[in-house]
Amino acid sequence: MKFGGTSVGSGQAFVRAAGTVAAEASTRPTAVVVSAMSGVTDTLLAAAQATLGATDRTKTGATLEGSLAELHRSLYDRHLQAAREAVGSELLPGVEAGICALLASLTGSLTGGLHACEEARTAEIVVHGERLSACILSAAIASRGIPAEVAEDPIATDSAFEEAEVEVEKTRVRCTSNVRSVLERGSVAVVAGFVGRDGEGRCTTLGRGGSDLSATVIGRGIGAAEVWILTDVSGVLDADPRLVGDAATLPVMSYREAHLFAGMGAKVLHHRTMEPAAAANLAVYVKNSFEPQKAGTLISSRECGAGVRSVALRRGLSLRRSDVPGEAFCVLGCGGDGVLSLVEAGEKSAGEVAAIVGIGSPTDRDLLSGLRSLLEAGIGHRWVGNTSSGVAFVVDAGDATDALRVLHASLLGRGAKIEVSA
Ligand code: ADP
Ligand code: ASP
Ligand code: MG
């Protein structure tokens, strides 16, 4: 069971998460992966940046001592407050000591100079967010009478500190010794998400949002039957709910669809979450941590039939035509005048176009129906056609959100279904 940042964002959220774990763990062995409390990863990354190379003053001109003290105080207050709400009185002193030890270790990482590179230093700093959560959640579970302990980092990776590659066989060995052993002695194993260890034992990270990937990597490593990803929405929705008001939960999805959807930027799943899941045939449930009894979305190997089932929006792209195939986000086609592709516009530019991609098993009818709905809504298109990810509609960047809503309605059959004659 993996809990994201909002799902452990407060004392009450830890109480809810611990209750959900306790209910499952009383029926079957359960390992838990936990993210940093919401916002903590951003705070730690900002602190890593501000203090890089600082001896007396940070990059913002504040004194180093003052900044470290302020960071320590705010993290201590937030985590101790959460622990007070979620942990029973007998276990609270141990959790407070654990929080203090982790904050001392954080200060050491922020001020210590011995790192292989900047990315290694950042990884060592940022993983403290997940470790603080694991310390509180294990005690919150134990406070419910279910034995629980924090497991040693089980994920073995290479040394790409910012977005490390998982080493599957070494991870399996570490999962057996660090996680299965805990389960076998009847305890819940609580693992800090997002964290890996390279061959020299140094901390690495799996990239932003990487706790989802931790969950399926560990699921595969311990031979789990199911992985639950508990988040702040009711499963995987058929479009980004922040942009499409009537986006609906998908009851089922195939690994292939979920992989494409996450790869196009559906934030609910880290883009590589499905790789271990598909390799080990894990049943992945994405559920709302506020309503875990509801089914949410079940992701499995089962394909779900014809038609578009979800609609993704990818911004920050440019259309390029070139003679020689280059680095492309998506190749749209090639003809006498060269290769037409979508490329990432790069950090400095917002991009001139956006792509809306209908994922599932789209047919030519979907292409025509989507095109008709854009025309009827008065939205111009720059390119429309089938790609390896799905049926793609490339529009001007300024039209992206309107086009997403129109295409969601027409491709998923919501609102007035637009019939297209043959
Ligand atoms: P967590 O902290 O649990 O990992 P995230 O914030 O990383 O949660 O991901 C959940 C968020 O992803 C949701 O709150 C929602 O706004 C956003 N999101 C974007 N696209 C989708 C989608 N297709 N389905 C569900 N949520 C989505
Ligand atoms: N805490 C990390 C992040 O914010 C990892 C995660 O939440 O999945 O990116
Ligand atoms: Mg996430």
# chains A, B, ... in the order shown; residues from 1 in each chain; ligands from 1
>>> select_by_dssp(residues="stretch 16-139 of chain A", states="strand (DSSP E)", output="ChimeraX atom specification")
/A:31-34
>>> write_last_selection(atoms="all heavy atoms", output="PDB file, in the first residue's frame")
ATOM      1  N   ALA A  31       3.016  -4.633   3.284  1.00  0.00           N
ATOM      2  CA  ALA A  31       4.134  -3.682   3.268  1.00  0.00           C
ATOM      3  C   ALA A  31       3.585  -2.326   2.840  1.00  0.00           C
ATOM      4  O   ALA A  31       2.665  -2.262   2.022  1.00  0.00           O
ATOM      5  CB  ALA A  31       5.215  -4.151   2.303  1.00  0.00           C
ATOM      6  N   VAL A  32       4.148  -1.272   3.391  1.00  0.00           N
ATOM      7  CA  VAL A  32       3.645   0.076   3.133  1.00  0.00           C
ATOM      8  C   VAL A  32       4.778   0.937   2.588  1.00  0.00           C
ATOM      9  O   VAL A  32       5.908   0.865   3.083  1.00  0.00           O
ATOM     10  CB  VAL A  32       3.093   0.690   4.442  1.00  0.00           C
ATOM     11  CG1 VAL A  32       2.662   2.125   4.231  1.00  0.00           C
ATOM     12  CG2 VAL A  32       1.940  -0.132   4.979  1.00  0.00           C
ATOM     13  N   VAL A  33       4.457   1.728   1.582  1.00  0.00           N
ATOM     14  CA  VAL A  33       5.410   2.703   1.038  1.00  0.00           C
ATOM     15  C   VAL A  33       4.827   4.079   1.312  1.00  0.00           C
ATOM     16  O   VAL A  33       3.637   4.300   1.081  1.00  0.00           O
ATOM     17  CB  VAL A  33       5.573   2.505  -0.488  1.00  0.00           C
ATOM     18  CG1 VAL A  33       6.403   3.622  -1.098  1.00  0.00           C
ATOM     19  CG2 VAL A  33       6.213   1.154  -0.782  1.00  0.00           C
ATOM     20  N   VAL A  34       5.628   4.987   1.817  1.00  0.00           N
ATOM     21  CA  VAL A  34       5.070   6.288   2.175  1.00  0.00           C
ATOM     22  C   VAL A  34       5.897   7.430   1.579  1.00  0.00           C
ATOM     23  O   VAL A  34       7.119   7.375   1.516  1.00  0.00           O
ATOM     24  CB  VAL A  34       4.909   6.402   3.717  1.00  0.00           C
ATOM     25  CG1 VAL A  34       6.234   6.358   4.440  1.00  0.00           C
ATOM     26  CG2 VAL A  34       4.116   7.640   4.103  1.00  0.00           C
TER      27      VAL A  34
END
>>> residues_around(residues="A:Val286", least_positions_apart="2", cutoff="9 Å", atoms="only C-alpha atoms", output="short mmCIF file (atom, residue, chain, number, x, y, z; two decimals) with N, CA, C and O atoms, in the first residue's frame")
data_model
loop_
_atom_site.label_atom_id
_atom_site.label_comp_id
_atom_site.auth_asym_id
_atom_site.auth_seq_id
_atom_site.Cartn_x
_atom_site.Cartn_y
_atom_site.Cartn_z
N VAL A 227 -0.93 -4.38 -5.42
CA VAL A 227 -0.36 -3.10 -4.98
C VAL A 227 -1.51 -2.09 -4.95
O VAL A 227 -2.27 -2.00 -5.91
N TRP A 228 -1.64 -1.40 -3.84
CA TRP A 228 -2.63 -0.32 -3.76
C TRP A 228 -1.89 1.01 -3.77
O TRP A 228 -0.99 1.22 -2.96
N ILE A 229 -2.30 1.90 -4.67
CA ILE A 229 -1.75 3.25 -4.68
C ILE A 229 -2.85 4.17 -4.15
O ILE A 229 -3.88 4.35 -4.81
N LEU A 230 -2.65 4.66 -2.93
CA LEU A 230 -3.69 5.47 -2.28
C LEU A 230 -3.34 6.94 -2.45
O LEU A 230 -2.27 7.39 -2.06
N THR A 231 -4.28 7.68 -3.04
CA THR A 231 -3.98 9.07 -3.40
C THR A 231 -5.17 9.95 -3.02
O THR A 231 -6.01 9.55 -2.22
N VAL A 233 -7.45 11.34 -5.13
CA VAL A 233 -8.59 11.28 -6.06
C VAL A 233 -9.05 9.83 -6.16
O VAL A 233 -8.32 8.92 -5.78
N SER A 234 -10.26 9.64 -6.71
CA SER A 234 -10.87 8.30 -6.66
C SER A 234 -10.40 7.39 -7.78
O SER A 234 -11.20 6.88 -8.56
N GLY A 235 -9.10 7.22 -7.92
CA GLY A 235 -8.55 6.33 -8.93
C GLY A 235 -7.98 7.12 -10.09
O GLY A 235 -7.75 8.34 -9.98
N VAL A 236 -7.74 6.41 -11.18
CA VAL A 236 -7.29 7.09 -12.40
C VAL A 236 -8.54 7.59 -13.10
O VAL A 236 -9.46 6.82 -13.38
N VAL A 268 -1.18 11.32 -11.70
CA VAL A 268 -1.57 10.37 -10.64
C VAL A 268 -0.61 9.18 -10.56
O VAL A 268 -0.49 8.56 -9.50
N LEU A 269 0.10 8.86 -11.63
CA LEU A 269 1.07 7.76 -11.61
C LEU A 269 2.42 8.23 -12.15
O LEU A 269 2.47 8.87 -13.21
N VAL A 284 -2.79 -3.78 -9.79
CA VAL A 284 -2.55 -2.46 -9.20
C VAL A 284 -3.89 -1.74 -9.03
O VAL A 284 -4.61 -1.52 -10.00
N ASN A 288 -8.78 6.10 -3.60
CA ASN A 288 -8.81 7.34 -2.82
C ASN A 288 -8.50 7.00 -1.36
O ASN A 288 -9.20 6.18 -0.76
N ALA A 295 -13.83 0.89 -4.89
CA ALA A 295 -12.97 0.08 -5.76
C ALA A 295 -11.85 0.88 -6.42
O ALA A 295 -10.75 0.38 -6.60
N GLY A 296 -12.10 2.12 -6.82
CA GLY A 296 -11.09 2.89 -7.56
C GLY A 296 -10.85 2.28 -8.93
O GLY A 296 -11.77 1.81 -9.59
N THR A 297 -9.58 2.26 -9.34
CA THR A 297 -9.22 1.73 -10.67
C THR A 297 -8.37 0.48 -10.50
O THR A 297 -7.39 0.51 -9.74
N LEU A 298 -8.74 -0.57 -11.18
CA LEU A 298 -7.90 -1.79 -11.20
C LEU A 298 -7.11 -1.81 -12.50
O LEU A 298 -7.70 -1.80 -13.60
N ILE A 299 -5.79 -1.84 -12.39
CA ILE A 299 -4.93 -1.91 -13.59
C ILE A 299 -4.34 -3.31 -13.68
O ILE A 299 -3.75 -3.80 -12.71
#
>>> residues_near_ligand(ligand="ligand 2", cutoff="8 Å", atoms="only C-alpha atoms and all ligand atoms", output="NGL selection string")
:A and (4-5 or 35-42 or 127 or 129-130 or 193-194 or 206-213 or 270)
>>> write_last_selection(atoms="C-alpha atoms", output="PDB file, in the first residue's frame")
ATOM      1  CA  GLY A   4       1.072   9.837  -1.389  1.00  0.00           C
ATOM      2  CA  GLY A   5       1.924  13.219   0.099  1.00  0.00           C
ATOM      3  CA  SER A  35       5.788   9.677   0.585  1.00  0.00           C
ATOM      4  CA  ALA A  36       6.932  12.850   2.279  1.00  0.00           C
ATOM      5  CA  MET A  37       4.147  15.008   3.789  1.00  0.00           C
ATOM      6  CA  SER A  38       2.738  17.245   1.036  1.00  0.00           C
ATOM      7  CA  GLY A  39       5.069  20.158   0.239  1.00  0.00           C
ATOM      8  CA  VAL A  40       8.050  18.770   2.178  1.00  0.00           C
ATOM      9  CA  THR A  41       9.949  17.545  -0.907  1.00  0.00           C
ATOM     10  CA  ASP A  42       9.704  21.018  -2.483  1.00  0.00           C
ATOM     11  CA  VAL A 127      14.993  11.627   1.038  1.00  0.00           C
ATOM     12  CA  GLY A 129      11.031  13.832   3.800  1.00  0.00           C
ATOM     13  CA  GLU A 130      10.071  10.195   3.197  1.00  0.00           C
ATOM     14  CA  GLY A 193       9.213   5.821  -0.881  1.00  0.00           C
ATOM     15  CA  PHE A 194      11.195   7.487  -3.679  1.00  0.00           C
ATOM     16  CA  LEU A 206      13.561   7.611  -8.445  1.00  0.00           C
ATOM     17  CA  GLY A 207      12.516  11.039  -9.821  1.00  0.00           C
ATOM     18  CA  ARG A 208       9.624  13.304  -8.813  1.00  0.00           C
ATOM     19  CA  GLY A 209       6.532  11.311  -7.921  1.00  0.00           C
ATOM     20  CA  GLY A 210       8.760   8.232  -7.611  1.00  0.00           C
ATOM     21  CA  SER A 211       7.008   6.653  -4.615  1.00  0.00           C
ATOM     22  CA  ASP A 212       4.480   5.139  -7.035  1.00  0.00           C
ATOM     23  CA  LEU A 213       7.377   3.390  -8.730  1.00  0.00           C
ATOM     24  CA  HIS A 270       4.846   8.146 -11.968  1.00  0.00           C
TER      25      HIS A 270
END
>>> select_by_dssp(residues="stretch 170-403 of chain A", states="alpha helix (DSSP H)", output="ChimeraX atom specification")
/A:170-175,181-184,211-222,255-263,274-280,364-376,400-403
>>> residues_around(residues="A:Val217", least_positions_apart="4", cutoff="12 Å", atoms="only C-alpha atoms", output="ChimeraX atom specification")
/A:2,33,154-157,165-172,174-175,191,193-196,206,210-213,221-224,226-227,272-282,284
>>> closest_residue(among="A:Thr363, A:Ser373, A:Thr51, A:Ser289", to="A:Val406", atoms="only C-alpha atoms")
A:Ser373
>>> residues_around(residues="stretch 319-335 of chain A", least_positions_apart="5", cutoff="12 Å", atoms="only C-alpha atoms", output="ChimeraX atom specification")
/A:263-264,314,340-346,351-355,357,382-397
